[in-house]
>>> print(open('input.cif').read())   # mmCIF, C-alpha atoms and all ligand atoms
data_model
loop_
_atom_site.label_atom_id
_atom_site.label_comp_id
_atom_site.auth_asym_id
_atom_site.auth_seq_id
_atom_site.Cartn_x
_atom_site.Cartn_y
_atom_site.Cartn_z
CA MET A 18 91.62 125.92 166.97
CA THR A 19 90.23 122.43 167.70
CA ASN A 20 90.25 120.16 164.62
CA CYS A 21 87.56 117.49 164.27
CA LEU A 22 87.07 114.81 161.68
CA ILE A 23 83.55 113.44 161.38
CA ILE A 24 83.10 110.04 159.74
CA GLY A 25 79.69 109.82 158.08
CA SER A 26 77.63 112.48 156.36
CA GLY A 27 74.16 111.25 157.24
CA LEU A 28 71.99 113.56 159.31
CA VAL A 29 73.73 112.54 162.54
CA GLY A 30 77.17 113.44 161.13
CA LEU A 31 75.95 116.63 159.42
CA SER A 32 74.07 117.85 162.51
CA THR A 33 77.23 117.25 164.54
CA ALA A 34 79.27 119.18 161.97
CA TYR A 35 76.75 122.04 162.07
CA GLU A 36 76.77 122.24 165.87
CA LEU A 37 80.57 122.11 166.14
CA GLN A 38 81.18 124.49 163.25
CA ASN A 39 78.85 127.04 164.84
CA SER A 40 80.81 126.67 168.10
CA GLY A 41 84.11 127.57 166.41
CA PHE A 42 85.60 124.13 165.70
CA ASN A 43 87.48 123.37 162.48
CA ILE A 44 85.62 120.53 160.77
CA THR A 45 86.32 117.94 158.07
CA VAL A 46 83.63 115.42 157.09
CA VAL A 47 84.42 112.15 155.30
CA ASP A 48 82.02 109.67 153.80
CA ASN A 49 82.40 106.76 151.40
CA GLU A 50 79.91 107.08 148.58
CA ASN A 51 76.63 106.51 150.33
CA ASP A 52 75.88 109.98 151.73
CA GLY A 53 73.27 109.50 154.45
CA GLN A 54 72.05 106.02 153.58
CA ALA A 55 69.40 105.74 156.34
CA SER A 56 68.86 109.48 156.53
CA LYS A 57 67.83 109.80 152.89
CA ALA A 58 65.29 107.00 153.23
CA ALA A 59 63.64 108.34 156.39
CA ALA A 60 60.00 109.39 156.51
CA GLY A 61 60.99 112.70 158.10
CA LEU A 62 58.82 112.57 161.22
CA LEU A 63 60.35 114.85 163.82
CA PHE A 64 58.30 113.24 166.50
CA PRO A 65 58.55 109.99 168.48
CA LEU A 66 56.16 107.30 167.24
CA SER A 67 55.54 105.26 170.40
CA PRO A 68 57.69 106.95 173.04
CA TRP A 69 56.19 104.95 175.92
CA LYS A 70 58.00 101.89 174.49
CA ASN A 71 61.38 103.63 174.90
CA SER A 72 63.65 104.26 177.87
CA LYS A 73 63.37 107.52 179.80
CA TYR A 74 66.74 108.57 178.27
CA MET A 75 65.40 108.10 174.74
CA GLN A 76 62.10 109.81 175.55
CA ASP A 77 63.96 112.85 176.85
CA LEU A 78 66.26 112.88 173.81
CA CYS A 79 63.19 112.79 171.54
CA ILE A 80 61.44 115.60 173.40
CA SER A 81 64.55 117.79 173.30
CA GLY A 82 64.98 116.82 169.61
CA HIS A 83 61.49 118.11 168.89
CA GLN A 84 62.29 121.37 170.64
CA GLU A 85 65.67 121.73 168.91
CA TYR A 86 64.02 121.74 165.48
CA SER A 87 61.73 124.59 166.58
CA ILE A 88 64.81 126.55 167.66
CA LEU A 89 66.71 125.76 164.44
CA TYR A 90 63.75 126.88 162.37
CA LYS A 91 63.20 130.05 164.40
CA ASN A 92 66.83 131.08 163.85
CA LEU A 93 66.77 130.66 160.06
CA ASN A 94 66.12 133.40 157.55
CA ASN A 95 63.11 133.06 155.25
CA LYS A 96 65.17 131.77 152.33
CA ASP A 97 66.64 128.92 154.37
CA ARG A 98 63.25 128.14 155.92
CA LYS A 99 61.88 127.65 152.42
CA LYS A 100 64.77 125.33 151.55
CA ILE A 101 64.20 123.11 154.57
CA ASN A 102 60.41 123.36 154.39
CA LEU A 103 59.72 122.07 157.90
CA GLN A 104 55.99 121.45 158.06
CA LYS A 105 53.57 121.34 160.95
CA LYS A 106 50.84 118.74 160.77
CA ASP A 107 48.40 117.11 163.17
CA LEU A 108 48.98 113.47 164.06
CA LEU A 109 46.04 111.08 164.38
CA ILE A 110 46.77 107.99 166.49
CA PHE A 111 44.35 105.07 166.37
CA GLY A 112 44.23 101.35 167.20
CA GLU A 113 45.84 99.56 170.13
CA ASP A 114 48.26 102.39 170.86
CA VAL A 115 45.64 104.97 171.83
CA LYS A 116 45.44 103.90 175.51
CA SER A 117 49.22 104.12 176.00
CA ALA A 118 49.39 107.33 174.02
CA VAL A 119 46.70 109.01 176.13
CA SER A 120 48.47 108.19 179.38
CA TRP A 121 51.91 109.16 178.05
CA TYR A 122 50.80 112.52 176.64
CA ARG A 123 48.65 113.39 179.68
CA ASN A 124 51.60 114.84 181.63
CA LYS A 125 53.59 116.25 178.74
CA ASP A 126 53.49 119.94 178.04
CA PHE A 127 55.86 120.06 175.03
CA ILE A 128 52.93 119.32 172.76
CA GLN A 129 49.18 119.75 172.70
CA SER A 130 47.18 116.51 172.61
CA GLU A 131 43.43 116.29 172.48
CA PHE A 132 40.42 114.52 171.11
CA TYR A 133 38.53 116.67 168.74
CA GLU A 134 36.06 115.85 166.10
CA GLU A 135 35.78 118.88 163.91
CA ASN A 136 37.73 119.18 160.66
CA LEU A 137 37.93 115.45 160.01
CA ASN A 138 38.05 114.59 156.33
CA SER A 139 36.33 111.50 154.93
CA VAL A 140 39.31 109.15 155.51
CA GLU A 141 39.63 110.33 159.10
CA LYS A 142 35.88 109.98 159.70
CA ASN A 143 36.09 106.41 158.43
CA ILE A 144 38.93 105.68 160.84
CA LYS A 145 36.96 107.21 163.69
CA ASN A 146 33.85 105.14 162.93
CA ASN A 147 35.78 101.89 162.68
CA TYR A 148 38.32 102.24 165.46
CA LYS A 149 36.24 104.36 167.90
CA ASN A 150 39.16 105.56 170.02
CA PHE A 151 41.63 108.00 168.64
CA LEU A 152 43.90 110.80 169.77
CA ILE A 153 45.08 113.84 167.89
CA ILE A 154 48.38 115.54 168.59
CA LYS A 155 48.56 119.07 167.26
CA ASN A 156 51.38 120.47 165.18
CA ILE A 157 54.05 117.80 165.01
CA HIS A 158 56.94 118.62 162.69
CA THR A 159 57.80 116.78 159.51
CA VAL A 160 60.60 117.41 157.06
CA ASP A 161 61.98 115.99 153.85
CA PRO A 162 65.37 114.64 155.08
CA ILE A 163 66.92 115.31 151.66
CA ASN A 164 66.08 119.03 152.01
CA LEU A 165 67.74 119.02 155.41
CA ILE A 166 70.85 117.21 154.10
CA ASN A 167 71.15 119.68 151.22
CA TYR A 168 70.71 122.67 153.53
CA TYR A 169 73.40 121.47 155.97
CA LYS A 170 75.84 120.61 153.20
CA LYS A 171 75.55 123.97 151.47
CA TYR A 172 75.77 125.86 154.75
CA LEU A 173 78.79 123.86 155.89
CA GLU A 174 80.60 124.17 152.56
CA LYS A 175 80.09 127.94 152.68
CA SER A 176 81.47 127.93 156.23
CA ASN A 177 84.70 126.26 155.02
CA VAL A 178 83.95 122.78 156.29
CA LYS A 179 85.87 120.33 154.10
CA PHE A 180 84.05 117.32 152.64
CA LYS A 181 86.10 114.35 151.46
CA LYS A 182 85.17 111.08 149.84
CA GLU A 183 86.98 108.39 151.78
CA SER A 184 86.22 105.01 153.30
CA ILE A 185 87.69 104.58 156.78
CA GLN A 186 88.56 100.99 157.64
CA ASP A 187 89.90 101.06 161.20
CA VAL A 188 89.76 104.19 163.29
CA TYR A 189 92.48 103.06 165.75
CA SER A 190 95.15 102.78 163.09
CA TYR A 191 93.76 105.78 161.13
CA ILE A 192 94.01 108.13 164.10
CA GLU A 193 97.71 107.29 164.62
CA LEU A 194 98.78 108.03 161.02
CA LYS A 195 101.11 111.00 160.86
CA GLU A 196 98.79 113.02 158.58
CA ASN A 197 95.87 112.48 160.97
CA LEU A 198 97.60 113.70 164.10
CA ILE A 199 96.14 117.12 163.28
CA TYR A 200 92.73 115.88 164.42
CA ASP A 201 92.09 116.55 168.08
CA TYR A 202 88.94 114.43 167.77
CA ILE A 203 87.56 111.85 165.37
CA ILE A 204 83.80 111.47 165.65
CA ILE A 205 82.22 108.28 164.34
CA ALA A 206 78.77 108.91 162.90
CA ALA A 207 78.71 106.13 160.33
CA GLY A 208 75.22 104.85 161.17
CA SER A 209 74.76 101.10 160.76
CA TRP A 210 78.40 100.68 159.66
CA SER A 211 79.94 102.33 162.73
CA ASN A 212 81.10 99.14 164.49
CA GLN A 213 82.95 98.01 161.34
CA ILE A 214 85.30 100.97 161.80
CA ILE A 215 85.93 100.24 165.48
CA LYS A 216 87.88 97.03 165.23
CA GLU A 217 89.13 96.81 168.83
CA HIS A 218 86.16 98.08 170.77
CA LYS A 219 83.29 96.00 169.37
CA ILE A 220 79.81 97.29 169.98
CA ALA A 221 76.65 95.25 169.44
CA LEU A 222 75.19 97.27 166.59
CA LYS A 223 73.13 95.89 163.73
CA PRO A 224 71.28 97.22 160.71
CA ILE A 225 67.50 96.94 160.81
CA LYS A 226 66.20 97.40 157.33
CA GLY A 227 63.18 99.64 156.89
CA GLN A 228 61.20 99.97 153.68
CA LEU A 229 58.73 102.64 152.68
CA LEU A 230 56.26 103.08 149.89
CA HIS A 231 55.96 106.50 148.24
CA LEU A 232 52.68 106.94 146.41
CA LYS A 233 51.70 109.80 144.16
CA THR A 234 47.95 109.92 143.77
CA GLU A 235 45.60 111.79 141.51
CA LYS A 236 44.16 113.89 144.32
CA LYS A 237 45.11 114.80 147.87
CA LEU A 238 44.12 112.04 150.29
CA LEU A 239 45.24 113.16 153.72
CA ASP A 240 45.79 116.22 155.87
CA LYS A 241 47.00 114.55 159.06
CA VAL A 242 49.78 112.06 159.69
CA LEU A 243 48.20 108.71 160.59
CA LEU A 244 49.75 106.37 163.15
CA HIS A 245 48.43 102.84 163.65
CA ASP A 246 50.37 100.23 165.66
CA SER A 247 53.72 101.97 164.98
CA ASN A 248 53.01 102.16 161.24
CA TYR A 249 52.43 105.52 159.66
CA ILE A 250 51.14 107.31 156.60
CA VAL A 251 52.63 110.75 156.08
CA PRO A 252 51.10 113.23 153.65
CA LYS A 253 53.74 115.09 151.67
CA GLU A 254 53.56 117.72 148.98
CA ASN A 255 52.16 117.20 145.46
CA ASN A 256 49.59 114.56 146.47
CA THR A 257 52.28 112.19 147.67
CA ILE A 258 51.99 109.97 150.74
CA ILE A 259 54.67 107.92 152.46
CA VAL A 260 53.61 104.57 153.90
CA GLY A 261 55.93 102.89 156.35
CA ALA A 262 57.71 101.11 157.51
CA THR A 263 58.87 97.50 157.59
CA ILE A 264 61.18 96.39 160.38
CA GLU A 265 63.46 93.68 158.96
CA ASP A 266 66.38 91.99 160.68
CA VAL A 267 68.04 90.84 157.42
CA GLY A 268 71.54 92.30 157.65
CA PHE A 269 72.51 94.51 154.71
CA ASN A 270 70.26 92.65 152.26
CA ASN A 271 68.80 95.35 150.01
CA LYS A 272 66.27 93.31 147.99
CA LEU A 273 62.57 94.19 148.11
CA SER A 274 60.59 91.10 149.19
CA THR A 275 56.94 90.28 148.45
CA ASP A 276 56.34 90.10 152.21
CA ALA A 277 57.57 93.66 152.61
CA GLU A 278 55.46 94.86 149.71
CA ASN A 279 52.34 93.17 151.13
CA TYR A 280 53.07 94.58 154.57
CA LEU A 281 53.15 98.13 153.22
CA ARG A 282 49.97 97.63 151.18
CA ASP A 283 48.19 96.25 154.28
CA ILE A 284 48.97 99.46 156.16
CA LEU A 285 47.01 101.32 153.50
CA ALA A 286 44.11 98.87 153.67
CA ASN A 287 43.91 99.23 157.48
CA THR A 288 43.29 102.91 157.04
CA PHE A 289 40.63 102.41 154.38
CA LEU A 290 42.82 104.10 151.86
CA ASN A 291 42.00 101.78 149.02
CA ASN A 292 39.91 103.65 146.52
CA PHE A 293 42.11 106.09 144.68
CA LYS A 294 44.08 106.43 141.48
CA ILE A 295 47.85 105.95 141.76
CA LEU A 296 49.99 107.96 139.35
CA ASP A 297 53.34 106.69 140.55
CA GLU A 298 54.75 104.36 143.22
CA LYS A 299 58.28 103.77 144.47
CA PHE A 300 59.83 101.73 147.26
CA PHE A 301 62.72 103.05 149.34
CA TYR A 302 64.84 101.34 151.97
CA GLY A 303 67.34 102.28 154.61
CA PHE A 304 69.37 100.54 157.30
CA ARG A 305 68.50 101.84 160.75
CA PRO A 306 71.42 101.55 163.19
CA ARG A 307 70.16 99.62 166.21
CA LEU A 308 72.01 98.85 169.43
CA ALA A 309 70.94 96.12 171.83
CA THR A 310 70.33 98.82 174.47
CA ASP A 311 68.06 100.84 172.15
CA ILE A 312 69.96 103.95 173.27
CA PRO A 313 72.30 105.76 170.89
CA TYR A 314 75.99 105.38 171.63
CA ILE A 315 77.21 108.92 172.32
CA LYS A 316 80.40 108.52 174.27
CA THR A 317 84.13 108.97 174.32
CA ASP A 318 86.11 105.79 173.56
CA PRO A 319 87.21 104.23 176.89
CA ASN A 320 90.78 103.73 175.58
CA ASN A 321 91.33 106.77 173.41
CA SER A 322 89.91 110.17 174.37
CA ARG A 323 90.40 111.46 170.79
CA ILE A 324 87.69 109.10 169.52
CA VAL A 325 84.06 110.02 170.11
CA TYR A 326 81.02 108.00 169.09
CA ASN A 327 77.65 109.23 167.87
CA PHE A 328 75.60 106.42 166.34
CA GLY A 329 72.82 103.88 166.98
CA HIS A 330 69.78 106.16 166.70
CA TYR A 331 67.60 103.41 165.26
CA ARG A 332 64.11 104.81 164.42
CA TYR A 333 64.73 108.34 165.70
CA GLY A 334 67.98 109.50 164.12
CA ILE A 335 66.51 112.49 162.28
CA LEU A 336 64.50 113.61 165.30
CA THR A 337 67.37 113.29 167.77
CA ALA A 338 70.27 114.39 165.51
CA ILE A 339 70.56 117.92 166.92
CA SER A 340 70.22 116.88 170.59
CA SER A 341 72.85 114.17 170.00
CA ALA A 342 75.19 116.70 168.39
CA LYS A 343 74.88 118.84 171.52
CA ILE A 344 75.90 115.90 173.70
CA VAL A 345 78.98 115.41 171.49
CA LYS A 346 79.84 119.09 171.85
CA ASN A 347 79.64 118.79 175.64
CA LEU A 348 81.89 115.73 175.56
CA ILE A 349 84.67 117.57 173.75
CA THR A 350 84.49 121.00 175.37
C1 LIG B 401 62.50 103.55 156.37
C2 LIG B 401 63.03 104.43 157.45
C3 LIG B 401 62.24 105.46 157.96
C4 LIG B 401 62.73 106.28 158.98
N1 LIG B 401 61.97 107.32 159.44
C5 LIG B 401 62.44 108.15 160.40
C6 LIG B 401 61.70 109.27 160.81
O1 LIG B 401 60.63 109.56 160.30
N2 LIG B 401 62.21 110.06 161.82
C7 LIG B 401 63.42 109.79 162.41
O2 LIG B 401 63.82 110.52 163.31
N3 LIG B 401 64.16 108.73 161.99
C8 LIG B 401 63.70 107.90 161.02
N4 LIG B 401 64.44 106.84 160.61
C9 LIG B 401 65.71 106.54 161.28
C10 LIG B 401 66.81 107.44 160.75
O3 LIG B 401 66.76 107.43 159.34
C11 LIG B 401 68.18 106.96 161.23
O4 LIG B 401 68.18 106.79 162.62
C12 LIG B 401 69.23 108.01 160.86
O5 LIG B 401 69.13 108.33 159.50
C13 LIG B 401 70.63 107.54 161.16
O6 LIG B 401 71.47 108.56 160.65
P1 LIG B 401 73.02 108.36 160.54
O7 LIG B 401 73.60 109.64 160.07
O8 LIG B 401 73.52 107.78 161.82
O9 LIG B 401 73.18 107.19 159.45
P2 LIG B 401 73.19 107.27 157.83
O10 LIG B 401 72.21 108.26 157.34
O11 LIG B 401 73.07 105.87 157.35
O12 LIG B 401 74.65 107.84 157.51
C14 LIG B 401 75.80 107.07 157.81
C15 LIG B 401 76.85 107.50 156.81
O13 LIG B 401 78.11 106.89 157.17
C16 LIG B 401 78.78 106.57 155.95
N5 LIG B 401 79.78 105.52 156.21
C17 LIG B 401 79.54 104.25 156.60
N6 LIG B 401 80.70 103.57 156.73
C18 LIG B 401 81.69 104.43 156.40
C19 LIG B 401 83.11 104.31 156.33
N7 LIG B 401 83.72 103.16 156.61
N8 LIG B 401 83.85 105.37 155.93
C20 LIG B 401 83.23 106.55 155.63
N9 LIG B 401 81.87 106.71 155.68
C21 LIG B 401 81.12 105.67 156.07
C22 LIG B 401 77.65 106.08 155.06
O14 LIG B 401 78.04 106.17 153.70
C23 LIG B 401 76.52 107.05 155.41
O15 LIG B 401 76.52 108.17 154.56
C24 LIG B 401 64.01 106.03 159.55
C25 LIG B 401 64.80 105.02 159.01
C26 LIG B 401 64.33 104.22 157.97
C27 LIG B 401 65.22 103.18 157.39
#
>>> encode(input="input.cif", output="structure tokens", more="lines below")
Ligand SMILES: Cc1cc2nc3c(=O)[nH]c(=O)nc-3n(C[C@H](O)[C@H](O)[C@H](O)COP(=O)(O)OP(=O)(O)OC[C@H]3O[C@@H](n4cnc5c(N)ncnc54)[C@H](O)[C@@H]3O)c2cc1C
Amino acid sequence: MTNCLIIGSGLVGLSTAYELQNSGFNITVVDNENDGQASKAAAGLLFPLSPWKNSKYMQDLCISGHQEYSILYKNLNNKDRKKINLQKKDLLIFGEDVKSAVSWYRNKDFIQSEFYEENLNSVEKNIKNNYKNFLIIKNIHTVDPINLINYYKKYLEKSNVKFKKESIQDVYSYIELKENLIYDYIIIAAGSWSNQIIKEHKIALKPIKGQLLHLKTEKKLLDKVLLHDSNYIVPKENNTIIVGATIEDVGFNNKLSTDAENYLRDILANTFLNNFKILDEKFFYGFRPRLATDIPYIKTDPNNSRIVYNFGHYRYGILTAISSAKIVKNLIT
């Protein structure tokens, strides 16, 4: 049996474990203490935000990612579906992006896009009156990433995948240790920290901090996901909305700044969401792994065919996690 060690138990690592375990591999997953740092913070949109700004490779990965979640969901029993709670919602795009969105979606058949004016609630009507142009995409998927992490972990533990708490310093020396010769492959899925483990083969990866505001309000404000100039507001359960996200090139600095707070509050103001009672508010942050190429690094190491990389998913790591896991599987089979 082929033995694989996966470094990193964020959604990229866990999706890879899930794919390989289901294909008959023997899997161990290690993580230091920060299980899924970026993954836990994510808004959970299983849909590309502004795909026309991305390369064709990334667009295709996002489209297949969207389809992969439909397949995953279809294959689950009702109990597991409840646990993951994948939701379908309409997406309302407005502002500068509408023109690009209309031309990008025109030739795409993986999703239904249209302008329609019925069933708009008061917030949406306000947006329509002020911004004139808008586009609605039907039935995009959203998920709570923590539900997905918990589902994968439980499933994998039941399937005899071993989870260990360990911090890997240098994969080249680690892979040569006598006790690690059992691993046919070591897969690096350590998100923004991945290049710190690869001492000899440096890759231009950096963390891009993203902050979100979670608001619990007295009554339900939104039905649709709103997208305005790459910022979004996502309605969640229990009258909660997620407002995001900042894009900050500040290394691993985890402090909340006033600028970031103002930025998030401005997103709300731009959507005329300013007259409601807040019961609770919390800020979350995560470090998105970004490569200079803007394409995730899913490759075999040029000098050691036992080392495989799967990181650098930047803003789309939840959406593309399953498609990326399938690429890894193809690399090692
Ligand atoms: C605010 C925000 C909102 C986002 N919204 C979305 C969204 O709606 N949809 C979407 O698709 N994407 C979204 N993203 C992007 C997405 O979260 C990331 O692309 C994705 O989570 C990356 O997953 P990962 O598993 O590679 O990294 P992580 O989730 O960060 O996991 C990496 C893991 O590696 C471990 N690790 C690191 N170093 C070591 C080491 N030396 N030894 C052992 N373990 C180690 C860490 O502890 C961590 O658990 C968002 C990101 C942010 C920050």
>>> atom_distance(input="input.cif", atom1="CA of Asn287 in chain A", atom2="CA of Leu243 in chain A")
10.9 Å
>>> closest_residue(input="input.cif", among="A:Glu174, A:Asp311, A:Glu196, A:Glu113", to="ligand LIG 401 (chain B)", atoms="all atoms listed in the file")
A:Asp311
>>> closest_residue(input="input.cif", among="A:Asn197, A:Gln129, A:Ser274, A:Gln228", to="Ile157 in chain A", atoms="all atoms listed in the file")
A:Gln129
>>> closest_atom_pairs(input="input.cif", of="chain A", to="ligand LIG 401 (chain B)", cutoff="6 Å", atoms="only C-alpha atoms and all ligand atoms", output="JSON lines")
{"residue": "A:Ile24", "atom": "CA", "partner": "B:LIG401", "partner_atom": "N9", "distance": 5.4}
{"residue": "A:Gly25", "atom": "CA", "partner": "B:LIG401", "partner_atom": "O13", "distance": 3.5}
{"residue": "A:Ser26", "atom": "CA", "partner": "B:LIG401", "partner_atom": "O15", "distance": 4.8}
{"residue": "A:Gly27", "atom": "CA", "partner": "B:LIG401", "partner_atom": "O7", "distance": 3.3}
{"residue": "A:Leu28", "atom": "CA", "partner": "B:LIG401", "partner_atom": "O7", "distance": 4.3}
{"residue": "A:Val29", "atom": "CA", "partner": "B:LIG401", "partner_atom": "O7", "distance": 3.8}
{"residue": "A:Gly30", "atom": "CA", "partner": "B:LIG401", "partner_atom": "O7", "distance": 5.3}
{"residue": "A:Val47", "atom": "CA", "partner": "B:LIG401", "partner_atom": "C20", "distance": 5.7}
{"residue": "A:Asp48", "atom": "CA", "partner": "B:LIG401", "partner_atom": "N9", "distance": 3.5}
{"residue": "A:Asn49", "atom": "CA", "partner": "B:LIG401", "partner_atom": "N9", "distance": 4.3}
{"residue": "A:Glu50", "atom": "CA", "partner": "B:LIG401", "partner_atom": "O14", "distance": 5.5}
{"residue": "A:Asn51", "atom": "CA", "partner": "B:LIG401", "partner_atom": "O14", "distance": 3.7}
{"residue": "A:Asp52", "atom": "CA", "partner": "B:LIG401", "partner_atom": "O15", "distance": 3.4}
{"residue": "A:Gly53", "atom": "CA", "partner": "B:LIG401", "partner_atom": "O10", "distance": 3.3}
{"residue": "A:Gln54", "atom": "CA", "partner": "B:LIG401", "partner_atom": "O11", "distance": 3.9}
{"residue": "A:Ala55", "atom": "CA", "partner": "B:LIG401", "partner_atom": "O11", "distance": 3.8}
{"residue": "A:Ser56", "atom": "CA", "partner": "B:LIG401", "partner_atom": "O5", "distance": 3.2}
{"residue": "A:Ala58", "atom": "CA", "partner": "B:LIG401", "partner_atom": "C2", "distance": 5.4}
{"residue": "A:Ala59", "atom": "CA", "partner": "B:LIG401", "partner_atom": "C4", "distance": 3.4}
{"residue": "A:Ala60", "atom": "CA", "partner": "B:LIG401", "partner_atom": "O1", "distance": 3.8}
{"residue": "A:Gly61", "atom": "CA", "partner": "B:LIG401", "partner_atom": "O1", "distance": 3.9}
{"residue": "A:Leu62", "atom": "CA", "partner": "B:LIG401", "partner_atom": "O1", "distance": 3.6}
{"residue": "A:Leu63", "atom": "CA", "partner": "B:LIG401", "partner_atom": "N2", "distance": 5.5}
{"residue": "A:Glu183", "atom": "CA", "partner": "B:LIG401", "partner_atom": "C20", "distance": 5.7}
{"residue": "A:Ser184", "atom": "CA", "partner": "B:LIG401", "partner_atom": "N8", "distance": 3.6}
{"residue": "A:Ile185", "atom": "CA", "partner": "B:LIG401", "partner_atom": "N8", "distance": 4.0}
{"residue": "A:Gln186", "atom": "CA", "partner": "B:LIG401", "partner_atom": "N7", "distance": 5.4}
{"residue": "A:Ala206", "atom": "CA", "partner": "B:LIG401", "partner_atom": "O8", "distance": 5.5}
{"residue": "A:Ala207", "atom": "CA", "partner": "B:LIG401", "partner_atom": "O13", "distance": 3.3}
{"residue": "A:Gly208", "atom": "CA", "partner": "B:LIG401", "partner_atom": "O8", "distance": 3.4}
{"residue": "A:Trp210", "atom": "CA", "partner": "B:LIG401", "partner_atom": "N6", "distance": 4.7}
{"residue": "A:Ile214", "atom": "CA", "partner": "B:LIG401", "partner_atom": "N7", "distance": 5.9}
{"residue": "A:Lys226", "atom": "CA", "partner": "B:LIG401", "partner_atom": "C27", "distance": 5.9}
{"residue": "A:Gly227", "atom": "CA", "partner": "B:LIG401", "partner_atom": "C1", "distance": 4.0}
{"residue": "A:Gln228", "atom": "CA", "partner": "B:LIG401", "partner_atom": "C1", "distance": 4.7}
{"residue": "A:Leu229", "atom": "CA", "partner": "B:LIG401", "partner_atom": "C1", "distance": 5.4}
{"residue": "A:Ala262", "atom": "CA", "partner": "B:LIG401", "partner_atom": "C1", "distance": 5.5}
{"residue": "A:Tyr302", "atom": "CA", "partner": "B:LIG401", "partner_atom": "C1", "distance": 5.5}
{"residue": "A:Gly303", "atom": "CA", "partner": "B:LIG401", "partner_atom": "C27", "distance": 3.6}
{"residue": "A:Phe304", "atom": "CA", "partner": "B:LIG401", "partner_atom": "C27", "distance": 4.9}
{"residue": "A:Arg305", "atom": "CA", "partner": "B:LIG401", "partner_atom": "C27", "distance": 4.9}
{"residue": "A:Phe328", "atom": "CA", "partner": "B:LIG401", "partner_atom": "O8", "distance": 5.2}
{"residue": "A:His330", "atom": "CA", "partner": "B:LIG401", "partner_atom": "O4", "distance": 4.4}
{"residue": "A:Tyr331", "atom": "CA", "partner": "B:LIG401", "partner_atom": "O4", "distance": 4.3}
{"residue": "A:Arg332", "atom": "CA", "partner": "B:LIG401", "partner_atom": "C9", "distance": 3.9}
{"residue": "A:Tyr333", "atom": "CA", "partner": "B:LIG401", "partner_atom": "O2", "distance": 3.4}
{"residue": "A:Gly334", "atom": "CA", "partner": "B:LIG401", "partner_atom": "O4", "distance": 3.1}
{"residue": "A:Ile335", "atom": "CA", "partner": "B:LIG401", "partner_atom": "O2", "distance": 3.5}
{"residue": "A:Leu336", "atom": "CA", "partner": "B:LIG401", "partner_atom": "O2", "distance": 3.7}
>>> residues_around(input="input.cif", residues="Asn164 in chain A", least_positions_apart="3", cutoff="10 Å", atoms="all atoms listed in the file", output="PDB file with C-alpha atoms, in the coordinates of the input")
ATOM      1  CA  LYS A  57      67.830 109.800 152.890  1.00  0.00           C
ATOM      2  CA  LYS A  99      61.880 127.650 152.420  1.00  0.00           C
ATOM      3  CA  LYS A 100      64.770 125.330 151.550  1.00  0.00           C
ATOM      4  CA  ILE A 101      64.200 123.110 154.570  1.00  0.00           C
ATOM      5  CA  ASN A 102      60.410 123.360 154.390  1.00  0.00           C
ATOM      6  CA  LEU A 103      59.720 122.070 157.900  1.00  0.00           C
ATOM      7  CA  VAL A 160      60.600 117.410 157.060  1.00  0.00           C
ATOM      8  CA  ASP A 161      61.980 115.990 153.850  1.00  0.00           C
ATOM      9  CA  ASN A 167      71.150 119.680 151.220  1.00  0.00           C
ATOM     10  CA  TYR A 168      70.710 122.670 153.530  1.00  0.00           C
ATOM     11  CA  TYR A 169      73.400 121.470 155.970  1.00  0.00           C
ATOM     12  CA  LYS A 170      75.840 120.610 153.200  1.00  0.00           C
TER      13      LYS A 170
END
>>> atom_distance(input="input.cif", atom1="CA of Asn271 in chain A", atom2="CA of Ile163 in chain A")
20.1 Å
>>> residues_around(input="input.cif", residues="Thr310 in chain A", least_positions_apart="6", cutoff="12 Å", atoms="all atoms listed in the file", output="list in words")
Asn71, Ser72, Tyr74, Met75, Ile220, Ala221, Leu222, Lys223, Gly329, His330 and Tyr331 of chain A
>>> closest_residue(input="input.cif", among="A:Gln38, A:Leu137, A:Ile284, A:Tyr202", to="Lys175 in chain A", atoms="only C-alpha atoms")
A:Gln38
>>> closest_residue(input="input.cif", among="A:Asp283, A:Glu235, A:Asp201, A:Asp240", to="Asn136 in chain A", atoms="all atoms listed in the file")
A:Asp240
>>> residues_around(input="input.cif", residues="Ile324 in chain A", least_positions_apart="2", cutoff="7 Å", atoms="only C-alpha atoms", output="PDB file with C-alpha atoms, in the frame of the given file")
ATOM      1  CA  TYR A 202      88.940 114.430 167.770  1.00  0.00           C
ATOM      2  CA  ILE A 203      87.560 111.850 165.370  1.00  0.00           C
ATOM      3  CA  ILE A 204      83.800 111.470 165.650  1.00  0.00           C
ATOM      4  CA  THR A 317      84.130 108.970 174.320  1.00  0.00           C
ATOM      5  CA  ASP A 318      86.110 105.790 173.560  1.00  0.00           C
ATOM      6  CA  ASN A 321      91.330 106.770 173.410  1.00  0.00           C
ATOM      7  CA  SER A 322      89.910 110.170 174.370  1.00  0.00           C
ATOM      8  CA  TYR A 326      81.020 108.000 169.090  1.00  0.00           C
TER       9      TYR A 326
END
>>> residues_around(input="input.cif", residues="Ile153 in chain A", least_positions_apart="4", cutoff="12 Å", atoms="all atoms listed in the file", output="PyMOL selection string")
chain A and resi 106-111+115+118-119+122+128-137+141+145+157+241-244
>>> atom_distance(input="input.cif", atom1="CA of Ala277 in chain A", atom2="CA of Leu230 in chain A")
9.9 Å
>>> closest_residue(input="input.cif", among="A:Thr257, A:Ser209, A:Thr263, A:Thr288", to="Pro306 in chain A", atoms="all atoms listed in the file")
A:Ser209
>>> closest_residue(input="input.cif", among="A:Thr45, A:Pro319, A:Ile205, A:Phe269", to="Lys181 in chain A", atoms="all atoms listed in the file")
A:Thr45
>>> residues_around(input="input.cif", residues="Ser87 in chain A", least_positions_apart="2", cutoff="12 Å", atoms="all atoms listed in the file", output="list of chain:residue names")
A:Leu63, A:Phe64, A:Ile80, A:Ser81, A:Gly82, A:His83, A:Gln84, A:Glu85, A:Leu89, A:Tyr90, A:Lys91, A:Asn92, A:Leu93, A:Arg98, A:Leu103, A:Gln104, A:Lys105, A:Phe127, A:Ile128, A:Asn156, A:Ile157, A:His158, A:Thr159, A:Val160, A:Leu336, A:Ile339
